[in-house]
>>> print(open('entry_9.txt').read())   # compact mmCIF, C-alpha atoms
# COMPACT_ATOMS: atom_id res chain seq x y z
CA MET A 25 80.02 94.28 109.18
CA ALA A 26 80.30 96.99 106.53
CA TYR A 27 81.63 97.04 102.98
CA GLY A 28 84.25 99.65 102.51
CA GLY A 29 87.74 100.92 102.43
CA TYR A 30 90.12 102.38 104.93
CA ASP A 31 87.56 104.68 106.49
CA SER A 32 85.50 101.61 107.40
CA ILE A 33 88.60 99.83 108.70
CA MET A 34 89.34 102.79 110.95
CA LEU A 35 85.85 102.53 112.40
CA CYS A 36 86.84 99.07 113.67
CA HIS A 37 89.41 100.69 115.98
CA GLU A 38 88.63 100.11 119.65
CA ASN A 39 88.47 103.89 120.27
CA SER A 40 86.30 104.76 117.28
CA PRO A 41 83.21 106.75 118.28
CA VAL A 42 81.24 104.57 115.85
CA LYS A 43 82.26 100.93 116.28
CA LEU A 44 82.27 98.46 113.40
CA TYR A 45 83.26 94.84 113.89
CA GLY A 46 84.26 93.93 110.36
CA VAL A 47 84.63 95.13 106.79
CA ALA A 48 84.17 93.22 103.53
CA GLN A 49 86.77 93.79 100.83
CA SER A 50 88.06 92.06 97.73
CA VAL A 51 90.93 92.34 95.28
CA GLY A 52 89.99 93.80 91.90
CA TYR A 53 86.40 92.56 92.07
CA GLY A 54 85.20 94.45 88.99
CA GLU A 55 88.35 93.60 87.08
CA ALA A 56 87.89 89.82 87.12
CA ARG A 57 86.27 89.72 83.69
CA GLN A 58 87.09 89.12 80.07
CA ILE A 59 89.33 91.66 78.40
CA THR A 60 86.71 92.44 75.76
CA PRO A 61 84.52 95.09 77.36
CA VAL A 62 81.12 93.90 78.48
CA GLY A 63 80.38 97.24 80.04
CA GLY A 64 82.51 99.66 81.97
CA GLY A 65 85.45 99.64 79.56
CA LEU A 66 88.79 97.89 79.50
CA PRO A 67 90.73 97.22 82.69
CA VAL A 68 93.30 99.91 83.44
CA ASN A 69 96.48 99.93 85.50
CA LYS A 70 95.78 100.92 89.08
CA TYR A 71 97.91 101.38 92.16
CA TYR A 72 96.84 101.46 95.81
CA PHE A 73 98.32 104.71 97.09
CA TYR A 74 98.80 103.86 100.75
CA PRO A 75 98.96 107.37 102.27
CA LEU A 76 95.54 108.14 100.73
CA HIS A 77 94.27 104.59 101.25
CA GLN A 78 92.82 104.63 97.75
CA ARG A 79 93.22 102.65 94.59
CA LEU A 80 94.15 105.23 91.97
CA LEU A 81 94.68 105.09 88.27
CA PHE A 82 98.40 104.49 87.86
CA ARG A 83 98.79 107.81 86.04
CA ASP A 84 97.23 109.65 89.01
CA ALA A 85 99.54 107.92 91.50
CA ALA A 86 102.53 108.74 89.29
CA ALA A 87 101.34 112.35 88.99
CA ILE A 88 101.27 112.66 92.79
CA LEU A 89 104.80 111.30 93.01
CA TYR A 90 105.92 113.67 90.28
CA ALA A 91 104.31 116.64 92.04
CA GLN A 92 106.10 115.61 95.24
CA GLY A 93 109.44 115.65 93.38
CA TYR A 94 110.17 111.93 93.44
CA PHE A 95 111.15 111.74 89.76
CA GLN A 96 113.25 114.91 89.84
CA LYS A 97 115.80 113.76 92.41
CA ASN A 98 118.44 111.07 92.59
CA LYS A 99 116.65 107.79 91.85
CA LYS A 100 118.17 105.96 94.83
CA VAL A 101 117.37 108.78 97.26
CA ALA A 102 113.85 108.98 95.83
CA ALA A 103 113.39 105.21 96.27
CA GLU A 104 114.52 105.44 99.90
CA GLU A 105 112.08 108.29 100.52
CA TYR A 106 109.33 106.36 98.75
CA HIS A 107 109.85 103.39 101.08
CA LYS A 108 109.93 105.71 104.09
CA TYR A 109 106.93 107.93 103.30
CA ILE A 110 104.75 106.12 100.74
CA CYS A 111 105.06 102.35 101.03
CA ASP A 112 107.55 99.89 102.45
CA CYS A 113 105.57 96.72 101.78
CA SER A 114 107.54 93.71 100.55
CA GLN A 115 106.10 94.09 97.04
CA CYS A 116 107.19 97.71 96.69
CA VAL A 117 110.62 96.95 98.13
CA GLU A 118 111.02 94.10 95.62
CA ILE A 119 109.72 96.10 92.63
CA ILE A 120 111.19 99.55 93.24
CA LYS A 121 114.39 98.41 94.93
CA ASN A 122 116.83 101.36 94.79
CA ASP A 123 115.44 103.03 91.69
CA ILE A 124 112.22 105.08 91.81
CA ASN A 125 111.88 104.65 88.05
CA ASN A 126 110.99 101.00 88.72
CA PHE A 127 107.65 102.31 89.98
CA GLY A 128 106.73 102.20 86.28
CA LEU A 129 106.70 98.39 86.45
CA TYR A 130 103.25 98.71 88.03
CA ASN A 131 102.16 100.30 84.74
CA GLU A 132 103.28 97.66 82.24
CA SER A 133 100.68 97.31 79.53
CA ILE A 134 100.08 95.64 76.21
CA PRO A 135 98.13 96.87 73.20
CA PHE A 136 94.63 95.60 72.63
CA VAL A 137 92.22 96.19 69.75
CA THR A 138 88.51 96.20 70.61
CA ARG A 139 85.75 94.76 68.45
CA ASN A 140 85.21 98.27 67.09
CA ASN A 141 88.86 98.39 65.99
CA ILE A 142 89.76 100.88 68.73
CA LYS A 143 93.35 100.57 69.93
CA ARG A 144 93.92 100.71 73.69
CA ASN A 145 96.38 99.44 76.24
CA ARG A 146 95.51 97.08 79.05
CA PRO A 147 97.55 95.94 82.05
CA THR A 148 99.79 92.94 81.57
CA PRO A 149 98.86 90.01 83.81
CA ASP A 150 102.18 90.51 85.62
CA ALA A 151 101.51 94.22 86.30
CA ALA A 152 98.00 93.42 87.54
CA LEU A 153 99.39 90.72 89.85
CA LYS A 154 102.05 93.06 91.23
CA ALA A 155 99.41 95.71 91.94
CA ASP A 156 97.11 93.15 93.57
CA ILE A 157 99.87 91.85 95.85
CA HIS A 158 100.70 95.42 96.83
CA PHE A 159 96.98 96.04 97.51
CA MET A 160 96.77 93.01 99.80
CA ASN A 161 99.96 94.02 101.63
CA SER A 162 98.45 97.47 102.14
CA LYS A 163 95.24 96.02 103.57
CA VAL A 164 97.20 93.90 106.04
CA LYS A 165 99.16 96.99 107.08
CA GLU A 166 95.93 98.98 107.53
CA TRP A 167 94.43 96.34 109.82
CA GLU A 168 97.67 96.07 111.80
CA SER A 169 97.70 99.85 112.30
CA LEU A 170 94.53 99.55 114.40
CA GLY A 171 96.49 97.85 117.16
CA GLU A 172 99.61 99.96 116.75
CA LYS A 173 98.26 103.52 116.72
CA GLU A 174 95.67 105.55 118.57
CA PHE A 175 92.48 106.32 116.68
CA LYS A 176 93.08 110.09 116.77
CA LEU A 177 96.54 109.61 115.25
CA LEU A 178 95.15 107.45 112.43
CA VAL A 179 92.49 110.05 111.65
CA ASN A 180 95.02 112.88 111.69
CA GLU A 181 97.48 110.99 109.46
CA TYR A 182 94.65 110.28 107.02
CA ARG A 183 93.58 113.93 106.89
CA GLU A 184 97.16 115.19 106.62
CA SER A 185 97.82 112.84 103.68
CA TYR A 186 94.90 114.37 101.80
CA ILE A 187 96.31 117.82 102.45
CA LYS A 188 99.84 116.80 101.41
CA TYR A 189 99.10 114.67 98.36
CA LEU A 190 95.84 116.12 97.05
CA LYS A 191 96.33 119.68 98.29
CA GLU A 192 93.01 119.59 100.13
CA THR A 193 92.50 121.74 103.16
CA LYS A 194 91.26 120.35 106.45
CA GLU A 195 87.85 121.85 105.67
CA GLN A 196 87.64 119.95 102.36
CA SER A 197 88.58 116.57 103.83
CA THR A 198 85.47 114.40 103.39
CA TRP A 199 83.11 113.32 106.14
CA TRP A 200 86.05 112.69 108.46
CA ASN A 201 85.64 116.27 109.59
CA LEU A 202 82.50 115.22 111.46
CA ILE A 203 84.30 112.39 113.21
CA CYS A 204 87.28 114.62 113.95
CA GLN A 205 84.97 117.13 115.62
CA GLU A 206 83.59 114.31 117.77
CA ILE A 207 87.02 113.19 118.99
CA GLU A 208 88.70 116.59 119.40
>>> encode(input="entry_9.txt", output="structure tokens")
Amino acid sequence: MAYGGYDSIMLCHENSPVKLYGVAQSVGYGEARQITPVGGGLPVNKYYFYPLHQRLLFRDAAAILYAQGYFQKNKKVAAEEYHKYICDCSQCVEIIKNDINNFGLYNESIPFVTRNNIKRNRPTPDAALKADIHFMNSKVKEWESLGEKEFKLLVNEYRESYIKYLKETKEQSTWWNLICQEIE
């Protein structure tokens, strides 16, 4: 068993050239702490961006959506496209509904003043819960994809998402290039 994210999950696929038999994961492990920083800073709003299979700062996820034009088009059309191309989990369907601007509900925050009198915002408990439920839905979907899609297709979708959403070229796409060379 390995600790890791989606790349480790993919290595559990029956056709993976390197076979893993399990992956350890947890929801918000480092965020289960007191609000007052004990090291590492205050918790921040995060969102699991399914096409990249990464937990991003909310602002980075929103920036990707903005760059893809989601906030510049009709909010209902954008919501439909979001559910088609980004995430159609039950949490996202419930939160975003037919208005892409509801994506901001994952970013609800409240002001907090640190011991040093520094003013910051931190996620509301409700926003953190919404993001955690979405994260868990995403993990279930990732594991289910192992039985629904061929390994090569999963790898190619992963690489293409990096190119589409992060503007990386195939040559820049992490260590998956080595695995892709093995399976091509």
>>> closest_residue(input="entry_9.txt", among="A:Asp150, A:Glu118, A:Glu174, A:Asp112", to="Pro75 in chain A", atoms="all atoms listed in the file")
A:Asp112
>>> residues_around(input="entry_9.txt", residues="range 130-142 of chain A", least_positions_apart="5", cutoff="9 Å", atoms="only C-alpha atoms", output="PyMOL selection string")
chain A and resi 59-61+68-71+82-83+119+147-152+154-155
>>> residues_near_point(input="entry_9.txt", point="(109.4, 113.7, 96.9)", cutoff="10 Å", atoms="only C-alpha atoms", output="NGL selection string")
:A and (88-97 or 101-103 or 105-106 or 109-110)
>>> residues_near_point(input="entry_9.txt", point="(100.9, 95.0, 109.2)", cutoff="12 Å", atoms="all atoms listed in the file", output="ChimeraX atom specification")
/A:111-114,160-173
>>> atom_distance(input="entry_9.txt", atom1="CA of Ala48 in chain A", atom2="CA of Ile33 in chain A")
9.5 Å
>>> atom_distance(input="entry_9.txt", atom1="CA of Asn98 in chain A", atom2="CA of Cys116 in chain A")
17.9 Å
>>> atom_distance(input="entry_9.txt", atom1="CA of Lys100 in chain A", atom2="CA of Ile120 in chain A")
9.6 Å
>>> closest_residue(input="entry_9.txt", among="A:Tyr182, A:Phe159, A:Tyr45, A:Phe175", to="Leu80 in chain A", atoms="only C-alpha atoms")
A:Phe159
>>> closest_residue(input="entry_9.txt", among="A:Ile124, A:Leu190, A:Leu81, A:Tyr74", to="His158 in chain A", atoms="all atoms listed in the file")
A:Tyr74
>>> closest_residue(input="entry_9.txt", among="A:Asn180, A:Gln78, A:Ser185, A:Asn126", to="Gly29 in chain A", atoms="only C-alpha atoms")
A:Gln78
